[in-house]
file query06.cif (mmCIF, C-alpha atoms)
data_run
#
loop_
_atom_site.label_atom_id
_atom_site.label_comp_id
_atom_site.auth_asym_id
_atom_site.auth_seq_id
_atom_site.Cartn_x
_atom_site.Cartn_y
_atom_site.Cartn_z
CA MET Q 1 90.84 100.84 128.10
CA THR Q 2 88.94 103.92 126.99
CA LEU Q 3 88.02 104.21 123.33
CA GLY Q 4 86.87 107.13 121.22
CA LEU Q 5 88.58 109.91 123.18
CA GLY Q 6 91.26 112.33 122.05
CA SER Q 7 92.76 112.89 118.62
CA VAL Q 8 95.90 112.04 116.69
CA THR Q 9 97.96 114.63 114.88
CA ALA Q 10 101.31 112.92 114.34
CA THR Q 11 100.99 110.12 111.78
CA PRO Q 12 102.96 109.37 108.61
CA ALA Q 13 101.94 112.04 106.10
CA ARG Q 14 101.74 109.99 102.95
CA ALA Q 15 98.82 108.95 100.76
CA ALA Q 16 98.07 105.41 99.66
CA THR Q 17 100.33 104.40 96.80
CA ALA Q 18 99.15 100.92 95.90
CA THR Q 19 96.10 98.73 95.65
CA THR Q 20 95.57 96.62 98.76
CA ALA Q 21 95.75 92.85 98.74
CA ALA Q 22 92.96 90.68 100.12
CA CYS Q 23 93.59 89.64 103.74
CA THR Q 24 92.02 86.85 105.76
CA GLY Q 25 92.37 85.58 109.31
CA SER Q 26 92.05 87.46 112.56
CA VAL Q 27 94.71 89.70 114.08
CA SER Q 28 95.27 88.88 117.75
CA LEU Q 29 97.05 91.42 119.95
CA TYR Q 30 98.01 90.99 123.59
CA GLY Q 31 99.05 93.89 125.78
CA ALA Q 32 99.31 95.16 129.32
CA LEU Q 33 98.08 98.40 130.83
CA ALA Q 34 100.15 100.57 133.13
CA ASP Q 35 98.45 99.01 136.17
CA GLY Q 36 99.56 95.53 135.04
CA ARG Q 37 96.25 94.25 133.68
CA LEU Q 38 96.42 92.00 130.63
CA THR Q 39 94.46 92.95 127.48
CA TYR Q 40 93.43 91.07 124.37
CA SER Q 41 92.24 92.71 121.16
CA GLN Q 42 91.04 91.26 117.88
CA ILE Q 43 91.17 93.15 114.56
CA ASN Q 44 89.75 92.33 111.15
CA PRO Q 45 92.81 92.30 108.81
CA SER Q 46 90.78 93.10 105.71
CA ASN Q 47 89.46 96.49 106.85
CA GLY Q 48 91.28 97.42 110.08
CA ASP Q 49 88.13 97.32 112.22
CA ARG Q 50 88.64 96.37 115.84
CA ILE Q 51 86.31 93.50 116.65
CA LYS Q 52 86.72 93.49 120.42
CA THR Q 53 88.95 94.28 123.35
CA LEU Q 54 88.95 92.30 126.59
CA ILE Q 55 90.62 93.38 129.82
CA GLY Q 56 91.85 90.65 132.13
CA PRO Q 57 93.42 90.32 135.55
CA ASP Q 58 96.45 92.06 137.01
CA LEU Q 59 99.64 90.15 136.17
CA GLY Q 60 101.08 91.03 139.56
CA PHE Q 61 104.15 92.85 138.24
CA THR Q 62 105.09 95.83 136.09
CA PRO Q 63 105.55 94.59 132.49
CA LYS Q 64 108.56 95.79 130.51
CA ALA Q 65 108.59 93.70 127.30
CA MET Q 66 106.20 91.18 125.76
CA ALA Q 67 106.20 88.51 123.04
CA THR Q 68 103.28 86.30 122.03
CA LEU Q 69 104.18 82.67 121.32
CA ASN Q 70 100.67 81.45 120.50
CA PHE Q 71 97.04 82.20 121.28
CA ASN Q 72 97.32 80.89 124.84
CA THR Q 73 100.96 81.66 125.73
CA VAL Q 74 102.62 85.03 126.23
CA LEU Q 75 106.13 85.82 127.47
CA VAL Q 76 106.50 88.96 129.60
CA THR Q 77 109.44 90.48 131.44
CA ASP Q 78 109.24 92.79 134.42
CA THR Q 79 111.36 95.80 135.32
CA ALA Q 80 113.61 93.59 137.50
CA GLY Q 81 114.58 91.36 134.56
CA VAL Q 82 112.41 88.39 135.44
CA LEU Q 83 110.89 86.47 132.51
CA TYR Q 84 107.39 85.08 133.03
CA ARG Q 85 105.23 82.71 131.02
CA VAL Q 86 101.61 83.84 131.07
CA ASP Q 87 99.08 81.12 130.27
CA VAL Q 88 95.96 82.78 128.89
CA GLN Q 89 92.40 81.58 128.98
CA THR Q 90 89.98 83.60 126.86
CA ASN Q 91 86.71 83.44 124.98
CA ASN Q 92 84.45 85.94 123.25
CA LEU Q 93 83.44 87.62 126.51
CA SER Q 94 86.22 87.32 129.06
CA LEU Q 95 89.98 87.20 129.48
CA GLY Q 96 91.57 85.22 132.29
CA LEU Q 97 94.65 83.27 133.28
CA VAL Q 98 94.99 79.51 133.73
CA GLY Q 99 97.08 80.26 136.82
CA PRO Q 100 99.53 82.85 138.16
CA PRO Q 101 102.35 83.87 135.79
CA VAL Q 102 105.15 81.28 135.85
CA GLN Q 103 108.66 82.59 136.49
CA ILE Q 104 110.96 80.90 133.96
CA GLY Q 105 114.14 82.97 134.04
CA THR Q 106 116.08 85.93 135.41
CA GLY Q 107 118.53 88.38 133.87
CA TRP Q 108 116.14 89.27 131.05
CA THR Q 109 116.98 92.98 130.93
CA HIS Q 110 115.78 93.32 127.34
CA ASP Q 111 113.91 96.49 126.51
CA LYS Q 112 112.05 94.74 123.65
CA LEU Q 113 110.96 91.19 122.79
CA THR Q 114 109.28 89.65 119.76
CA TYR Q 115 108.60 86.12 118.48
CA ASP Q 116 108.71 85.24 114.77
CA GLY Q 117 106.32 82.27 114.93
CA HIS Q 118 109.02 79.91 113.65
CA GLY Q 119 110.98 79.08 116.77
CA HIS Q 120 113.02 82.25 117.24
CA LEU Q 121 112.60 84.79 120.00
CA TYR Q 122 114.37 88.12 119.46
CA GLY Q 123 115.19 90.86 121.91
CA THR Q 124 117.34 93.94 122.26
CA ALA Q 125 119.40 94.96 125.28
CA GLY Q 126 121.74 97.92 125.23
CA GLY Q 127 121.52 98.11 121.45
CA VAL Q 128 122.47 94.44 120.98
CA LEU Q 129 120.08 92.24 119.00
CA ILE Q 130 119.87 88.74 120.50
CA GLN Q 131 118.26 85.58 119.13
CA TYR Q 132 116.98 82.60 121.15
CA LEU Q 133 115.60 79.24 120.12
CA VAL Q 134 112.19 78.42 121.60
CA SER Q 135 111.66 74.65 121.54
CA GLN Q 136 108.33 74.31 123.37
CA ASP Q 137 104.92 75.94 123.00
CA LYS Q 138 104.93 76.47 126.76
CA PRO Q 139 108.59 76.83 127.78
CA ALA Q 140 109.40 76.00 131.37
CA GLY Q 141 112.87 77.51 131.58
CA SER Q 142 116.26 77.84 129.93
CA GLN Q 143 116.00 74.26 128.66
CA HIS Q 144 113.24 75.46 126.33
CA ILE Q 145 114.55 78.95 125.53
CA GLY Q 146 118.24 78.68 124.75
CA GLN Q 147 121.00 78.83 122.15
CA ARG Q 148 121.48 82.52 122.88
CA LYS Q 149 123.13 84.20 119.90
CA GLU Q 150 124.17 87.83 119.60
CA ILE Q 151 123.24 88.96 116.09
CA GLY Q 152 124.87 92.39 116.22
CA ASN Q 153 125.04 95.72 117.99
CA GLY Q 154 123.92 99.21 117.11
CA PHE Q 155 120.24 98.23 117.15
CA VAL Q 156 119.04 101.43 118.80
CA LEU Q 157 115.38 101.16 117.90
CA LYS Q 158 112.15 102.68 119.10
CA THR Q 159 110.18 99.48 118.53
CA LEU Q 160 110.87 95.92 117.45
CA SER Q 161 108.44 93.39 115.99
CA SER Q 162 108.59 90.32 113.80
CA SER Q 163 106.90 90.35 110.39
CA GLY Q 164 107.68 86.73 109.52
CA ASP Q 165 110.20 83.90 109.70
CA ASP Q 166 113.46 85.54 110.90
CA ARG Q 167 112.18 88.91 109.68
CA LEU Q 168 112.00 91.94 111.92
CA ILE Q 169 110.57 95.42 111.49
CA ALA Q 170 111.34 98.46 113.59
CA ASN Q 171 110.97 102.21 113.61
CA THR Q 172 113.50 104.73 114.86
CA ALA Q 173 113.28 108.02 116.72
CA ASP Q 174 114.16 109.89 113.52
CA GLY Q 175 111.18 108.33 111.70
CA ARG Q 176 112.67 105.53 109.60
CA LEU Q 177 110.86 102.23 109.07
CA LEU Q 178 113.42 99.41 108.89
CA GLU Q 179 113.43 95.73 108.07
CA TYR Q 180 116.00 93.15 109.16
CA ARG Q 181 116.49 89.61 107.90
CA ILE Q 182 118.47 87.06 109.90
CA ASP Q 183 120.08 84.12 108.12
CA SER Q 184 120.63 80.62 109.45
CA GLY Q 185 124.17 81.44 110.53
CA GLY Q 186 123.16 84.46 112.56
CA GLY Q 187 124.18 87.02 109.96
CA TRP Q 188 121.83 89.85 109.17
CA SER Q 189 120.97 92.37 106.49
CA GLY Q 190 118.93 95.53 106.84
CA ALA Q 191 116.77 97.59 104.52
CA GLU Q 192 115.21 101.01 104.92
CA LEU Q 193 111.57 100.61 103.92
CA VAL Q 194 110.63 104.26 104.52
CA ALA Q 195 113.02 107.15 105.16
CA SER Q 196 110.80 109.31 107.38
CA GLY Q 197 107.37 109.76 108.92
CA TRP Q 198 107.23 106.86 111.37
CA SER Q 199 108.56 108.56 114.51
CA ALA Q 200 105.12 109.00 116.09
CA PHE Q 201 104.71 105.32 116.89
CA GLU Q 202 105.55 104.23 120.41
CA ARG Q 203 104.55 100.63 119.65
CA LEU Q 204 104.62 98.82 116.31
CA VAL Q 205 103.48 95.22 115.80
CA SER Q 206 102.89 92.87 112.89
CA PRO Q 207 100.86 89.64 112.67
CA GLY Q 208 102.48 88.84 109.31
CA GLY Q 209 100.97 89.20 105.87
CA GLY Q 210 102.67 92.55 105.36
CA LEU Q 211 100.34 94.19 107.91
CA TYR Q 212 101.74 96.74 110.37
CA TYR Q 213 99.86 98.29 113.32
CA GLY Q 214 101.29 101.39 114.97
CA VAL Q 215 100.21 103.07 118.21
CA THR Q 216 101.00 106.75 118.71
CA GLY Q 217 101.78 108.50 121.95
CA ALA Q 218 98.22 109.86 121.89
CA GLY Q 219 96.86 106.30 121.92
CA GLY Q 220 95.66 106.11 118.32
CA MET Q 221 96.19 102.90 116.40
CA TYR Q 222 96.83 103.09 112.64
CA TRP Q 223 97.23 100.24 110.19
CA TYR Q 224 99.31 99.78 107.07
CA GLN Q 225 99.72 97.12 104.44
CA ASP Q 226 102.91 96.32 102.58
CA VAL Q 227 101.47 94.84 99.39
CA ASN Q 228 104.71 93.02 98.57
CA PRO Q 229 106.62 92.52 101.83
CA ALA Q 230 109.25 90.44 100.02
CA ASP Q 231 110.62 93.30 97.91
CA ARG Q 232 112.32 95.12 100.83
CA SER Q 233 110.77 98.40 99.68
CA GLY Q 234 108.14 100.51 101.37
CA THR Q 235 107.01 102.23 98.17
CA ASP Q 236 104.00 99.91 97.96
CA ILE Q 237 102.87 100.36 101.57
CA VAL Q 238 99.21 101.37 101.69
CA TYR Q 239 98.53 104.04 104.31
CA HIS Q 240 95.10 103.98 105.99
CA ASN Q 241 95.51 107.23 107.93
CA ASP Q 242 91.95 108.26 107.11
CA ASP Q 243 90.58 104.96 108.46
CA PRO Q 244 92.41 104.13 111.70
CA VAL Q 245 91.68 101.16 113.91
CA ASP Q 246 90.93 103.68 116.69
CA VAL Q 247 91.79 107.35 117.07
CA SER Q 248 92.53 106.87 120.79
CA GLY Q 249 92.33 104.42 123.65
CA TRP Q 250 95.37 102.22 123.04
CA THR Q 251 97.08 102.95 126.34
CA GLN Q 252 98.92 99.64 126.78
CA THR Q 253 102.53 100.08 127.85
CA VAL Q 254 103.50 96.89 126.00
CA LEU Q 255 101.85 95.27 122.99
CA SER Q 256 102.55 92.17 120.90
CA ALA Q 257 100.91 90.36 118.00
CA GLN Q 258 100.37 86.65 117.71
CA PRO Q 259 102.48 85.75 114.65
CA GLY Q 260 101.01 84.28 111.51
CA THR Q 261 97.38 85.12 112.23
CA ALA Q 262 96.76 87.15 109.05
CA THR Q 263 97.31 86.05 105.47
CA CYS Q 264 97.23 88.47 102.57
CA SER Q 265 97.15 87.38 98.97
CA GLY Q 266 98.87 89.85 96.70
CA GLY Q 267 97.00 91.95 94.20
CA ASN Q 268 96.67 90.66 90.66
CA TYR Q 269 99.73 92.61 89.47
CA ALA Q 270 103.02 93.91 90.83
CA TYR Q 271 105.79 96.16 89.54
CA VAL Q 272 108.62 94.37 87.76
CA LEU Q 273 111.62 96.08 89.46
CA PRO Q 274 112.51 97.74 92.76
CA HIS Q 275 111.05 101.25 92.63
CA ALA Q 276 114.43 102.82 93.18
CA ALA Q 277 115.96 101.04 90.17
CA VAL Q 278 114.92 103.64 87.57
CA PRO Q 279 112.88 106.86 87.62
CA ARG Q 280 109.33 106.71 86.32
CA SER Q 281 110.33 108.70 83.24
CA GLU Q 282 112.34 105.71 81.98
CA LEU Q 283 109.12 103.73 81.64
CA ASP Q 284 108.04 105.88 78.68
CA ASP Q 285 111.00 104.80 76.56
CA PRO Q 286 110.20 103.12 73.24
CA HIS Q 287 111.80 99.86 72.19
CA HIS Q 288 114.22 100.06 69.28
CA ASP Q 289 112.50 97.42 67.13
CA TYR Q 290 108.98 96.34 68.16
CA ALA Q 291 106.33 96.58 70.90
CA ALA Q 292 108.41 95.95 74.03
CA ILE Q 293 110.68 97.92 76.36
CA ASP Q 294 114.35 97.83 77.33
CA ILE Q 295 114.92 99.19 80.84
CA GLN Q 296 118.54 100.07 81.55
CA VAL Q 297 119.41 98.78 85.02
CA PRO Q 298 122.71 97.51 86.44
CA THR Q 299 123.46 93.81 86.34
CA GLY Q 300 122.13 92.15 89.49
CA THR Q 301 118.95 94.24 89.85
CA PRO Q 302 116.13 92.03 91.21
CA VAL Q 303 113.33 91.25 88.76
CA TYR Q 304 109.81 90.38 89.94
CA ALA Q 305 106.83 88.58 88.43
CA VAL Q 306 104.21 91.03 87.15
CA THR Q 307 101.38 88.58 87.65
CA ARG Q 308 100.57 85.00 88.57
CA GLY Q 309 101.58 82.35 86.04
CA THR Q 310 103.73 79.38 85.09
CA VAL Q 311 107.46 79.67 84.39
CA SER Q 312 109.25 78.45 81.30
CA TYR Q 313 112.76 79.27 80.12
CA VAL Q 314 113.54 81.09 76.87
CA ASP Q 315 117.08 81.31 75.60
CA GLY Q 316 118.65 82.26 72.27
CA GLY Q 317 118.71 86.01 71.80
CA PHE Q 318 117.09 86.49 75.20
CA GLY Q 319 120.08 84.90 76.95
CA ASN Q 320 118.90 83.75 80.35
CA GLY Q 321 115.27 84.52 79.60
CA ILE Q 322 112.11 83.73 81.50
CA GLN Q 323 108.61 83.43 80.10
CA ILE Q 324 105.57 83.59 82.35
CA ASN Q 325 102.35 82.18 80.94
CA GLY Q 326 100.07 84.44 82.92
CA ALA Q 327 96.79 83.46 84.51
CA ASP Q 328 95.33 86.50 82.71
CA GLY Q 329 95.95 84.88 79.32
CA ALA Q 330 98.97 87.00 78.42
CA THR Q 331 102.57 85.87 78.04
CA TYR Q 332 105.31 87.91 79.76
CA ILE Q 333 108.96 87.71 78.69
CA TYR Q 334 111.93 88.85 80.78
CA GLY Q 335 115.15 88.87 78.78
CA HIS Q 336 118.94 89.00 79.29
CA LEU Q 337 118.95 88.02 82.99
CA SER Q 338 122.29 87.42 84.64
CA GLN Q 339 120.70 84.57 86.58
CA ARG Q 340 117.32 82.89 86.89
CA GLY Q 341 115.96 82.35 90.38
CA VAL Q 342 112.91 80.18 89.65
CA ALA Q 343 112.61 76.73 88.12
CA ALA Q 344 110.88 76.00 84.83
CA GLY Q 345 107.40 74.71 85.55
CA ALA Q 346 107.05 76.63 88.80
CA THR Q 347 103.99 78.75 89.54
CA VAL Q 348 104.79 82.29 90.62
CA THR Q 349 102.69 85.00 92.22
CA PRO Q 350 102.71 88.78 91.68
CA GLY Q 351 105.88 90.34 93.06
CA GLN Q 352 107.74 87.05 93.38
CA TYR Q 353 111.49 87.15 92.74
CA LEU Q 354 112.36 85.74 89.30
CA GLY Q 355 116.07 86.45 89.02
CA GLU Q 356 118.43 89.33 88.36
CA SER Q 357 118.95 91.57 85.38
CA GLY Q 358 122.03 91.20 83.24
CA ASN Q 359 123.63 91.34 79.80
CA THR Q 360 123.24 87.80 78.41
CA GLY Q 361 122.17 86.85 74.91
CA GLN Q 362 121.93 89.46 72.15
CA SER Q 363 122.52 92.47 74.36
CA THR Q 364 124.75 95.51 74.05
CA GLY Q 365 124.61 96.49 77.71
CA PRO Q 366 123.00 95.59 81.06
CA HIS Q 367 119.22 95.96 80.91
CA LEU Q 368 115.90 94.19 81.35
CA HIS Q 369 114.01 93.39 78.17
CA PHE Q 370 110.28 93.10 78.96
CA GLU Q 371 107.44 92.31 76.61
CA ILE Q 372 103.82 91.19 76.65
CA ARG Q 373 102.28 88.90 74.06
CA ILE Q 374 98.69 87.77 73.59
CA GLY Q 375 98.10 85.11 70.97
CA GLY Q 376 101.55 85.84 69.57
CA VAL Q 377 100.80 89.56 69.15
CA LYS Q 378 103.15 91.93 70.98
CA HIS Q 379 101.54 94.68 73.10
CA CYS Q 380 103.22 97.83 74.40
CA PRO Q 381 104.04 97.31 78.11
CA GLN Q 382 104.84 100.95 78.93
CA ALA Q 383 101.37 101.95 80.16
CA MET Q 384 101.11 98.86 82.39
CA LEU Q 385 104.53 99.48 83.92
CA ARG Q 386 103.71 103.12 84.70
CA ASP Q 387 100.46 102.09 86.40
CA LEU Q 388 102.25 99.47 88.48
CA TYR Q 389 105.00 101.93 89.39
CA ASP Q 390 102.28 104.30 90.65
CA GLY Q 391 100.60 101.54 92.64
CA LEU Q 392 97.51 101.49 90.43
CA SER Q 393 95.56 98.57 89.01
CA PRO Q 394 96.69 98.41 85.37
CA GLN Q 395 94.46 98.20 82.36
CA ALA Q 396 93.86 94.73 80.95
CA PRO Q 397 96.80 93.51 78.82
CA SER Q 398 94.46 92.95 75.87
CA THR Q 399 93.68 96.67 75.78
CA LEU Q 400 97.32 97.74 75.54
CA ALA Q 401 98.43 99.25 72.25
CA THR Q 402 100.19 97.05 69.72
CA SER Q 403 102.14 99.86 68.05
CA GLY Q 404 103.54 103.31 68.75
CA CYS Q 405 106.08 102.21 71.35
CA SER Q 406 109.05 101.51 69.07
CA TYR Q 407 111.20 103.42 66.62
#
call {"tool": "encode", "arguments": {"input": "query06.cif", "output": "C-alpha cells"}}
result
Amino acid sequence: MTLGLGSVTATPARAATATTAACTGSVSLYGALADGRLTYSQINPSNGDRIKTLIGPDLGFTPKAMATLNFNTVLVTDTAGVLYRVDVQTNNLSLGLVGPPVQIGTGWTHDKLTYDGHGHLYGTAGGVLIQYLVSQDKPAGSQHIGQRKEIGNGFVLKTLSSSGDDRLIANTADGRLLEYRIDSGGGWSGAELVASGWSAFERLVSPGGGLYYGVTGAGGMYWYQDVNPADRSGTDIVYHNDDPVDVSGWTQTVLSAQPGTATCSGGNYAYVLPHAAVPRSELDDPHHDYAAIDIQVPTGTPVYAVTRGTVSYVDGGFGNGIQINGADGATYIYGHLSQRGVAAGATVTPGQYLGESGNTGQSTGPHLHFEIRIGGVKHCPQAMLRDLYDGLSPQAPSTLATSGCSY
C-alpha cells in the first residue's frame, strides 16, 4: 500500500454545514489488495488521522466482497462464489492469520456484503437486497449464517455498508447518498441523504457513529460525519474535504469496517425540524402574541430535541405539548403536537425524536409552537433556530432577546 502519491479531484463539492460532534473509539478497517493480500488500517475517529496500516499474507484467492464480523473475524467471498471465514491475528506491528481461510459456503455470488454488528449480514446480488442471520462470532457454515430473506429488488448500488443496527448506507453511480432501514418483518424504507456529489466513491464504509469513509478511484480516502444520523437527512453532514485521511494509497479492491467501533456524542444543540420542512426565511417570523415562534408545518412533521434535558408533558392550550428542562438551564416548549414520542421523565439528547407536529390545543392550523424560557422569562428563539438551521453553534439562550419578535 503506497501512501502520499497522486491527487484527488473528484470529491463532493460542498462545504461543512454543521459543527462536529465529539467522537471516541478507534475505526478498524479490513481490506484486500488486488494481489489478494489482507490489510488492516486504524483511524482516529475524532480527527480522521490514519494511525497505521498493516499488510498481511495472501488470502489465496481473489476477493470479491467482504464483511467484518468482529476484530478477529472477516467474511470474504471469491469470484467463484465461495464464502470464506478469515480468522485474523494482529497486533501493533504485524497482521497475520490464525490459519488458512475456512470455506464455509458456496453460491455466494453477491457483489457486496456488509455486517450491521447486531446479527444481520446483508448482501446484494443482481439488484436484490438479501438479509441473513449470523448466530455465531465465528460461523462454521449455513447452520450459523441462515434465515435468508429477500428484502427487495432494485438495489442497484455502487457501494453498500452498514451504519448501525439494520441500517444501511450506499451511494449510486449518479451521485446520491442513500440510507435504508430494515424492520423486524423484513420491510424497508429508504431516504435520500444527499442528492448529488457522491459518485466519485468506489468504496464507502461506516463504523457507526454517523461516520462515513469514502475511497475514490484515485485512491484517496475522505471522511464525513453525519452529526445527527437519526434524522434521515444529510443536511448536517460535515465534509472534511480539506483534511482527508489520505490523498492517495487506498488501493484495496474490497474494504469493510468493523461495526460499532466509533461512538460520537452529538453537539450541544440540534435543529428542531427536518431541514426540508420549511425554508430558512420562515424562521424570521414573529409570534403573534409574545416571545416565541409558530412554524407552519404539516401535521406529522417530526420534531427533534434542541438540546439535552428532561421531558415533562404540558397540556391545556398547548394540546399535546412537551417541555424540556434543558441541561443549559433553559426550558424549551414544543406545542400542539399530534403525538408525543417520548415519555415524561425521560432524558433526551440533541436531535432526538420527540413526536410529530399537529393541531391540538388552542390552535387554528397545523404548526409547531416553540418557545424558550429562562427563570419564567420568554426569550426570542428565532436567532437560535436560524443558527441551528445553518449548522452553527447558537448563542447562549440567556443572551437571546426578550422582545422584538412578536406583533
call {"tool": "resolve_selection", "arguments": {"input": "query06.cif", "expression": "the PyMOL selection byres ((chain Q and resi 198) around 6)", "output": "ChimeraX atom specification"}}
result
/Q:12,175-176,196-197,199-200
call {"tool": "atom_distance", "arguments": {"input": "query06.cif", "atom1": "atom CA of Q:Lys138", "atom2": "atom CA of Q:Ala80"}}
result
22.0 Å
call {"tool": "atom_distance", "arguments": {"input": "query06.cif", "atom1": "atom CA of Q:Gly341", "atom2": "atom CA of Q:Ile374"}}
result
24.7 Å
call {"tool": "resolve_selection", "arguments": {"input": "query06.cif", "expression": "the PyMOL selection byres ((chain Q and resi 116-131) around 7)", "output": "mmCIF file with C-alpha atoms, in the frame of the given file"}}
result
data_model
loop_
_atom_site.group_PDB
_atom_site.id
_atom_site.type_symbol
_atom_site.label_atom_id
_atom_site.label_comp_id
_atom_site.auth_asym_id
_atom_site.auth_seq_id
_atom_site.Cartn_x
_atom_site.Cartn_y
_atom_site.Cartn_z
ATOM 1 C CA LEU Q 69 104.180 82.670 121.320
ATOM 2 C CA THR Q 109 116.980 92.980 130.930
ATOM 3 C CA HIS Q 110 115.780 93.320 127.340
ATOM 4 C CA ASP Q 111 113.910 96.490 126.510
ATOM 5 C CA LYS Q 112 112.050 94.740 123.650
ATOM 6 C CA LEU Q 113 110.960 91.190 122.790
ATOM 7 C CA THR Q 114 109.280 89.650 119.760
ATOM 8 C CA TYR Q 115 108.600 86.120 118.480
ATOM 9 C CA TYR Q 132 116.980 82.600 121.150
ATOM 10 C CA LEU Q 133 115.600 79.240 120.120
ATOM 11 C CA VAL Q 134 112.190 78.420 121.600
ATOM 12 C CA SER Q 135 111.660 74.650 121.540
ATOM 13 C CA ARG Q 148 121.480 82.520 122.880
ATOM 14 C CA LYS Q 149 123.130 84.200 119.900
ATOM 15 C CA GLU Q 150 124.170 87.830 119.600
ATOM 16 C CA ILE Q 151 123.240 88.960 116.090
ATOM 17 C CA GLY Q 152 124.870 92.390 116.220
ATOM 18 C CA ASN Q 153 125.040 95.720 117.990
ATOM 19 C CA GLY Q 154 123.920 99.210 117.110
ATOM 20 C CA PHE Q 155 120.240 98.230 117.150
ATOM 21 C CA VAL Q 156 119.040 101.430 118.800
ATOM 22 C CA SER Q 162 108.590 90.320 113.800
ATOM 23 C CA SER Q 163 106.900 90.350 110.390
ATOM 24 C CA GLY Q 164 107.680 86.730 109.520
ATOM 25 C CA ASP Q 165 110.200 83.900 109.700
ATOM 26 C CA ASP Q 166 113.460 85.540 110.900
ATOM 27 C CA PRO Q 259 102.480 85.750 114.650
ATOM 28 C CA GLY Q 260 101.010 84.280 111.510
#
call {"tool": "atom_distance", "arguments": {"input": "query06.cif", "atom1": "atom CA of Q:Ala191", "atom2": "atom CA of Q:Trp223"}}
result
20.5 Å
call {"tool": "resolve_selection", "arguments": {"input": "query06.cif", "expression": "the PyMOL selection byres ((chain Q and resi 373) around 10)", "output": "list in words"}}
result
Ala291, Ala292, Asn325, Gly329, Ala330, Thr331, Tyr332, Ile333, Glu371, Ile372, Ile374, Gly375, Gly376, Val377, Lys378, His379, Cys380, Pro381, Pro397, Ser398 and Thr402 of chain Q
call {"tool": "residues_around", "arguments": {"input": "query06.cif", "residues": "stretch 300-306 of chain Q", "least_positions_apart": "5", "cutoff": "8 Å", "atoms": "only C-alpha atoms", "output": "compact mmCIF listing (two decimals) with C-alpha atoms, keeping the file's coordinate frame"}}
result
# COMPACT_ATOMS: atom_id res chain seq x y z
CA TYR Q 269 99.73 92.61 89.47
CA ALA Q 270 103.02 93.91 90.83
CA TYR Q 271 105.79 96.16 89.54
CA VAL Q 272 108.62 94.37 87.76
CA LEU Q 273 111.62 96.08 89.46
CA PRO Q 274 112.51 97.74 92.76
CA ALA Q 277 115.96 101.04 90.17
CA ILE Q 324 105.57 83.59 82.35
CA SER Q 338 122.29 87.42 84.64
CA VAL Q 348 104.79 82.29 90.62
CA THR Q 349 102.69 85.00 92.22
CA PRO Q 350 102.71 88.78 91.68
CA GLY Q 351 105.88 90.34 93.06
CA GLN Q 352 107.74 87.05 93.38
CA TYR Q 353 111.49 87.15 92.74
CA LEU Q 354 112.36 85.74 89.30
CA GLY Q 355 116.07 86.45 89.02
CA GLU Q 356 118.43 89.33 88.36
CA SER Q 357 118.95 91.57 85.38
CA GLY Q 358 122.03 91.20 83.24
call {"tool": "closest_atom_pairs", "arguments": {"input": "query06.cif", "of": "stretch 235-295 of chain Q", "to": "stretch 27-38 of chain Q", "cutoff": "8 Å", "atoms": "only C-alpha atoms", "output": "CSV"}}
result
residue,atom,partner,partner_atom,distance
Q:Thr251,CA,Q:Leu33,CA,6.5
Q:Gln252,CA,Q:Leu33,CA,4.3
Q:Thr253,CA,Q:Leu33,CA,5.6
Q:Val254,CA,Q:Gly31,CA,5.4
Q:Leu255,CA,Q:Gly31,CA,4.2
Q:Ser256,CA,Q:Tyr30,CA,5.4
Q:Ala257,CA,Q:Leu29,CA,4.5
Q:Gln258,CA,Q:Ser28,CA,5.6
Q:Thr261,CA,Q:Val27,CA,5.6
Q:Ala262,CA,Q:Val27,CA,6.0
call {"tool": "write_last_selection", "arguments": {"input": "query06.cif", "atoms": "C-alpha atoms", "output": "mmCIF file, in the frame of the given file"}}
result
data_model
loop_
_atom_site.group_PDB
_atom_site.id
_atom_site.type_symbol
_atom_site.label_atom_id
_atom_site.label_comp_id
_atom_site.auth_asym_id
_atom_site.auth_seq_id
_atom_site.Cartn_x
_atom_site.Cartn_y
_atom_site.Cartn_z
ATOM 1 C CA THR Q 251 97.080 102.950 126.340
ATOM 2 C CA GLN Q 252 98.920 99.640 126.780
ATOM 3 C CA THR Q 253 102.530 100.080 127.850
ATOM 4 C CA VAL Q 254 103.500 96.890 126.000
ATOM 5 C CA LEU Q 255 101.850 95.270 122.990
ATOM 6 C CA SER Q 256 102.550 92.170 120.900
ATOM 7 C CA ALA Q 257 100.910 90.360 118.000
ATOM 8 C CA GLN Q 258 100.370 86.650 117.710
ATOM 9 C CA THR Q 261 97.380 85.120 112.230
ATOM 10 C CA ALA Q 262 96.760 87.150 109.050
#
call {"tool": "residues_around", "arguments": {"input": "query06.cif", "residues": "Q:Asn72", "least_positions_apart": "5", "cutoff": "10 Å", "atoms": "all atoms listed in the file", "output": "list in words"}}
result
Val86, Asp87, Val88, Gln89, Thr90, Leu97, Val98, Asp137, Lys138 and Gln258 of chain Q
call {"tool": "write_last_selection", "arguments": {"input": "query06.cif", "atoms": "C-alpha atoms", "output": "short mmCIF file (atom, residue, chain, number, x, y, z; two decimals), in the coordinates of the input"}}
result
data_model
loop_
_atom_site.label_atom_id
_atom_site.label_comp_id
_atom_site.auth_asym_id
_atom_site.auth_seq_id
_atom_site.Cartn_x
_atom_site.Cartn_y
_atom_site.Cartn_z
CA VAL Q 86 101.61 83.84 131.07
CA ASP Q 87 99.08 81.12 130.27
CA VAL Q 88 95.96 82.78 128.89
CA GLN Q 89 92.40 81.58 128.98
CA THR Q 90 89.98 83.60 126.86
CA LEU Q 97 94.65 83.27 133.28
CA VAL Q 98 94.99 79.51 133.73
CA ASP Q 137 104.92 75.94 123.00
CA LYS Q 138 104.93 76.47 126.76
CA GLN Q 258 100.37 86.65 117.71
#
call {"tool": "closest_residue", "arguments": {"input": "query06.cif", "among": "Q:Thr347, Q:Ile293, Q:Val278, Q:Asp242", "to": "Q:Val311", "atoms": "only C-alpha atoms"}}
result
Q:Thr347
call {"tool": "closest_residue", "arguments": {"input": "query06.cif", "among": "Q:Ile55, Q:His369, Q:Glu179, Q:Gln362", "to": "Q:Gln323", "atoms": "all atoms listed in the file"}}
result
Q:His369
call {"tool": "residues_around", "arguments": {"input": "query06.cif", "residues": "Q:Trp250", "least_positions_apart": "6", "cutoff": "7 Å", "atoms": "all atoms listed in the file", "output": "ChimeraX atom specification"}}
result
/Q:1,215,219-221
call {"tool": "closest_residue", "arguments": {"input": "query06.cif", "among": "Q:Asn92, Q:Ser161, Q:Thr299, Q:Asn44", "to": "Q:Thr68", "atoms": "all atoms listed in the file"}}
result
Q:Ser161
